[in-house]
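Report on one structure; see the data block that follows.
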Amino acid sequence: MAQQVMMIVVKQNKGLEQVTAKFSKLEIVGMELRSDGKENILKFQGINQIANDMQSIGVGDTVQLVFELEGKEWTKDDKVIIFMNLRVLSFNIMKASQKPSEEPYRSIKAKDIPMPANSFGNVDDEVPF
């Protein structure tokens, strides 16, 4: 699957979960920054070292994520279950929130987020990649 890039504002960081001695994961929930003002809420997952690094992401941070869609099939009790994840490959915190929050979830609306400007200072709704 091809890598994708997306800019989000983090709504929730679920914290590092050590699943086994060799496998850890961390999930963040974020709102995609869209030019049409609509909210698109997505859950991303980092594993192992990326998960460890993602602990620095805070609620309200604007983060650029490089991720891929990952699907797996699992059979339990003769039932086939399909899992799909947006697996984070790398990230860059573009703008940290102004104040740290102890809240596990803070509501952020798309209309409250300014659109990024291009190098000429104009609002640009075209993705530059």
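In the structure tokens, each chain is lettered A, B, ... as it comes, each chain's residues begin at 1, and ligands are numbered from 1 in order of appearance.
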Polymer residues at most 12 Å from Gln64 (chain A), only C-alpha atoms, same-chain spacing of 3 or more positions, as a short mmCIF file (atom, residue, chain, number, x, y, z; two decimals) with all heavy atoms, in the first residue's frame:
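Saved the output as out21.cif:
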data_model
loop_
_atom_site.label_atom_id
_atom_site.label_comp_id
_atom_site.auth_asym_id
_atom_site.auth_seq_id
_atom_site.Cartn_x
_atom_site.Cartn_y
_atom_site.Cartn_z
N GLN A 4 0.73 7.52 2.69
CA GLN A 4 -0.10 8.71 2.62
C GLN A 4 0.43 9.72 3.62
O GLN A 4 1.05 9.36 4.62
CB GLN A 4 -1.56 8.36 2.98
CG GLN A 4 -2.18 7.28 2.13
CD GLN A 4 -2.43 7.76 0.72
OE1 GLN A 4 -2.86 8.89 0.50
NE2 GLN A 4 -2.14 6.91 -0.25
N VAL A 5 0.15 10.99 3.38
CA VAL A 5 0.53 12.06 4.29
C VAL A 5 -0.73 12.83 4.64
O VAL A 5 -1.54 13.14 3.77
CB VAL A 5 1.57 13.01 3.66
CG1 VAL A 5 1.93 14.13 4.61
CG2 VAL A 5 2.81 12.24 3.24
N MET A 6 -0.90 13.14 5.92
CA MET A 6 -2.08 13.88 6.37
C MET A 6 -1.71 14.77 7.53
O MET A 6 -0.90 14.40 8.38
CB MET A 6 -3.18 12.90 6.80
CG MET A 6 -4.48 13.57 7.21
SD MET A 6 -5.76 12.37 7.71
CE MET A 6 -6.10 11.57 6.16
N MET A 7 -2.33 15.93 7.58
CA MET A 7 -2.17 16.86 8.69
C MET A 7 -3.42 16.74 9.56
O MET A 7 -4.54 16.82 9.06
CB MET A 7 -2.02 18.29 8.16
CG MET A 7 -1.61 19.28 9.20
SD MET A 7 0.16 19.31 9.46
CE MET A 7 0.71 20.10 7.97
N ILE A 8 -3.21 16.53 10.87
CA ILE A 8 -4.34 16.40 11.80
C ILE A 8 -4.12 17.28 13.02
O ILE A 8 -3.00 17.69 13.31
CB ILE A 8 -4.54 14.94 12.27
CG1 ILE A 8 -3.35 14.46 13.11
CG2 ILE A 8 -4.81 14.01 11.10
CD1 ILE A 8 -3.57 13.19 13.88
N VAL A 9 -5.22 17.54 13.72
CA VAL A 9 -5.15 18.11 15.06
C VAL A 9 -5.55 16.98 16.00
O VAL A 9 -6.60 16.35 15.83
CB VAL A 9 -6.11 19.31 15.23
CG1 VAL A 9 -6.14 19.77 16.68
CG2 VAL A 9 -5.67 20.46 14.33
N VAL A 10 -4.71 16.70 16.98
CA VAL A 10 -4.90 15.56 17.87
C VAL A 10 -6.02 15.84 18.87
O VAL A 10 -6.03 16.87 19.54
CB VAL A 10 -3.59 15.21 18.61
CG1 VAL A 10 -3.80 14.08 19.60
CG2 VAL A 10 -2.51 14.86 17.60
N GLY A 30 -7.42 11.81 15.75
CA GLY A 30 -7.21 13.16 15.25
C GLY A 30 -8.26 13.58 14.25
O GLY A 30 -8.95 12.75 13.66
N MET A 31 -8.36 14.89 14.07
CA MET A 31 -9.27 15.45 13.09
C MET A 31 -8.44 15.95 11.91
O MET A 31 -7.51 16.74 12.09
CB MET A 31 -10.06 16.61 13.69
CG MET A 31 -11.02 17.24 12.72
SD MET A 31 -11.99 18.56 13.46
CE MET A 31 -10.71 19.69 13.93
N GLU A 32 -8.78 15.46 10.73
CA GLU A 32 -8.09 15.88 9.51
C GLU A 32 -8.37 17.35 9.25
O GLU A 32 -9.50 17.82 9.41
CB GLU A 32 -8.58 15.04 8.34
CG GLU A 32 -7.96 15.43 7.02
CD GLU A 32 -8.53 14.66 5.84
OE1 GLU A 32 -9.58 14.00 5.97
OE2 GLU A 32 -7.90 14.72 4.77
N LEU A 33 -7.35 18.09 8.85
CA LEU A 33 -7.51 19.49 8.49
C LEU A 33 -8.03 19.54 7.05
O LEU A 33 -7.32 19.21 6.12
CB LEU A 33 -6.19 20.24 8.61
CG LEU A 33 -5.60 20.30 10.00
CD1 LEU A 33 -4.25 21.01 9.98
CD2 LEU A 33 -6.54 21.00 10.96
N PHE A 44 -5.26 6.56 14.38
CA PHE A 44 -3.99 6.11 13.85
C PHE A 44 -3.27 5.28 14.92
O PHE A 44 -3.44 5.52 16.10
CB PHE A 44 -3.10 7.30 13.47
CG PHE A 44 -3.67 8.13 12.37
CD1 PHE A 44 -4.54 9.18 12.65
CD2 PHE A 44 -3.35 7.88 11.05
CE1 PHE A 44 -5.07 9.95 11.64
CE2 PHE A 44 -3.87 8.65 10.03
CZ PHE A 44 -4.74 9.70 10.33
N MET A 54 5.71 8.46 19.76
CA MET A 54 4.42 9.17 19.70
C MET A 54 3.91 9.62 21.06
O MET A 54 2.96 10.39 21.14
CB MET A 54 3.37 8.29 19.00
CG MET A 54 3.60 8.17 17.50
SD MET A 54 2.51 6.95 16.71
CE MET A 54 0.90 7.66 17.00
N ILE A 57 3.33 13.35 21.55
CA ILE A 57 2.22 14.04 20.89
C ILE A 57 1.15 14.36 21.93
O ILE A 57 0.71 13.49 22.67
CB ILE A 57 1.62 13.19 19.76
CG1 ILE A 57 2.68 12.93 18.68
CG2 ILE A 57 0.38 13.84 19.17
CD1 ILE A 57 2.22 11.96 17.60
N ASP A 61 -2.20 19.28 19.56
CA ASP A 61 -1.06 19.45 18.66
C ASP A 61 -1.50 19.28 17.21
O ASP A 61 -2.36 18.45 16.90
CB ASP A 61 0.03 18.40 18.94
CG ASP A 61 0.77 18.63 20.24
OD1 ASP A 61 0.53 19.66 20.89
OD2 ASP A 61 1.59 17.77 20.60
N PHE A 67 1.65 7.67 6.90
CA PHE A 67 1.04 6.41 7.34
C PHE A 67 0.70 5.55 6.13
O PHE A 67 0.77 5.99 4.99
CB PHE A 67 -0.23 6.69 8.16
CG PHE A 67 -1.34 7.34 7.37
CD1 PHE A 67 -2.34 6.57 6.81
CD2 PHE A 67 -1.37 8.71 7.19
CE1 PHE A 67 -3.36 7.17 6.07
CE2 PHE A 67 -2.37 9.31 6.45
CZ PHE A 67 -3.37 8.54 5.89
N VAL A 88 1.07 4.43 11.54
CA VAL A 88 1.97 5.57 11.43
C VAL A 88 3.39 5.07 11.17
O VAL A 88 3.91 4.21 11.88
CB VAL A 88 1.93 6.43 12.71
CG1 VAL A 88 2.93 7.57 12.64
CG2 VAL A 88 0.52 6.96 12.95
N LEU A 89 4.01 5.64 10.13
CA LEU A 89 5.39 5.31 9.79
C LEU A 89 6.34 6.37 10.31
O LEU A 89 7.47 6.08 10.71
CB LEU A 89 5.54 5.18 8.28
CG LEU A 89 4.61 4.15 7.62
CD1 LEU A 89 4.72 4.24 6.10
CD2 LEU A 89 4.92 2.75 8.11
N SER A 90 5.88 7.63 10.30
CA SER A 90 6.66 8.74 10.86
C SER A 90 5.70 9.90 11.11
O SER A 90 4.57 9.91 10.62
CB SER A 90 7.78 9.16 9.92
OG SER A 90 7.27 9.69 8.72
N PHE A 91 6.16 10.87 11.89
CA PHE A 91 5.33 12.03 12.18
C PHE A 91 6.21 13.22 12.48
O PHE A 91 7.39 13.09 12.77
CB PHE A 91 4.39 11.75 13.37
CG PHE A 91 5.10 11.59 14.68
CD1 PHE A 91 5.27 12.68 15.53
CD2 PHE A 91 5.60 10.37 15.08
CE1 PHE A 91 5.93 12.54 16.74
CE2 PHE A 91 6.25 10.21 16.29
CZ PHE A 91 6.43 11.31 17.12
N ASN A 92 5.59 14.40 12.39
CA ASN A 92 6.28 15.64 12.69
C ASN A 92 5.27 16.56 13.39
O ASN A 92 4.22 16.86 12.82
CB ASN A 92 6.80 16.30 11.41
CG ASN A 92 7.64 17.52 11.70
OD1 ASN A 92 8.13 17.71 12.80
ND2 ASN A 92 7.79 18.35 10.70
N ILE A 93 5.58 16.97 14.61
CA ILE A 93 4.70 17.90 15.32
C ILE A 93 4.95 19.28 14.73
O ILE A 93 6.03 19.85 14.89
CB ILE A 93 4.96 17.88 16.84
CG1 ILE A 93 4.69 16.48 17.40
CG2 ILE A 93 4.10 18.93 17.54
CD1 ILE A 93 5.06 16.29 18.86
N MET A 94 3.95 19.79 14.02
CA MET A 94 4.08 21.08 13.33
C MET A 94 3.83 22.25 14.28
O MET A 94 4.45 23.28 14.17
CB MET A 94 3.09 21.16 12.15
CG MET A 94 3.22 20.00 11.18
SD MET A 94 4.86 19.84 10.46
CE MET A 94 4.83 21.21 9.34
N LYS A 95 2.88 22.05 15.20
CA LYS A 95 2.55 23.11 16.16
C LYS A 95 2.05 22.43 17.43
O LYS A 95 1.04 21.74 17.42
CB LYS A 95 1.47 24.03 15.60
CG LYS A 95 1.10 25.15 16.54
CD LYS A 95 0.02 26.04 15.94
CE LYS A 95 -0.38 27.10 16.95
NZ LYS A 95 -1.53 27.86 16.49
N ALA A 96 2.78 22.63 18.51
CA ALA A 96 2.36 22.07 19.80
C ALA A 96 1.23 22.92 20.37
O ALA A 96 1.16 24.12 20.11
CB ALA A 96 3.54 22.03 20.77
#
All residues 12 Å or closer to Gln49 (chain A), only C-alpha atoms, same chain fewer than 2 positions away omitted, as a count of residues only:
18
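Those residues that approach Gly71 (chain A) to within 9 Å, counting only C-alpha atoms, are Ile82, Phe83, Met84, Asn85 and Leu86 of chain A; same-chain residues fewer than 6 positions away are not listed.
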Same residues, C-alpha atoms, saved as an mmCIF file, in the first residue's frame:
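Below is the file that was written, part.cif:
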data_model
loop_
_atom_site.group_PDB
_atom_site.id
_atom_site.type_symbol
_atom_site.label_atom_id
_atom_site.label_comp_id
_atom_site.auth_asym_id
_atom_site.auth_seq_id
_atom_site.Cartn_x
_atom_site.Cartn_y
_atom_site.Cartn_z
ATOM 1 C CA ILE A 82 -10.604 -8.408 9.184
ATOM 2 C CA PHE A 83 -8.587 -5.720 10.961
ATOM 3 C CA MET A 84 -7.662 -2.457 9.317
ATOM 4 C CA ASN A 85 -5.301 0.134 10.781
ATOM 5 C CA LEU A 86 -3.848 3.437 9.728
#
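With only C-alpha atoms as the atoms that count, the minimum distance from Gly60 (chain A) to the choices A:Val19, A:Arg87, A:Ile28, A:Gln3 is reached by A:Ile28.
Take the candidates A:Glu17, A:Lys11, A:Leu65, A:Glu27 and check each one against Glu39 (chain A) using only C-alpha atoms; the shortest distance goes to A:Lys11.
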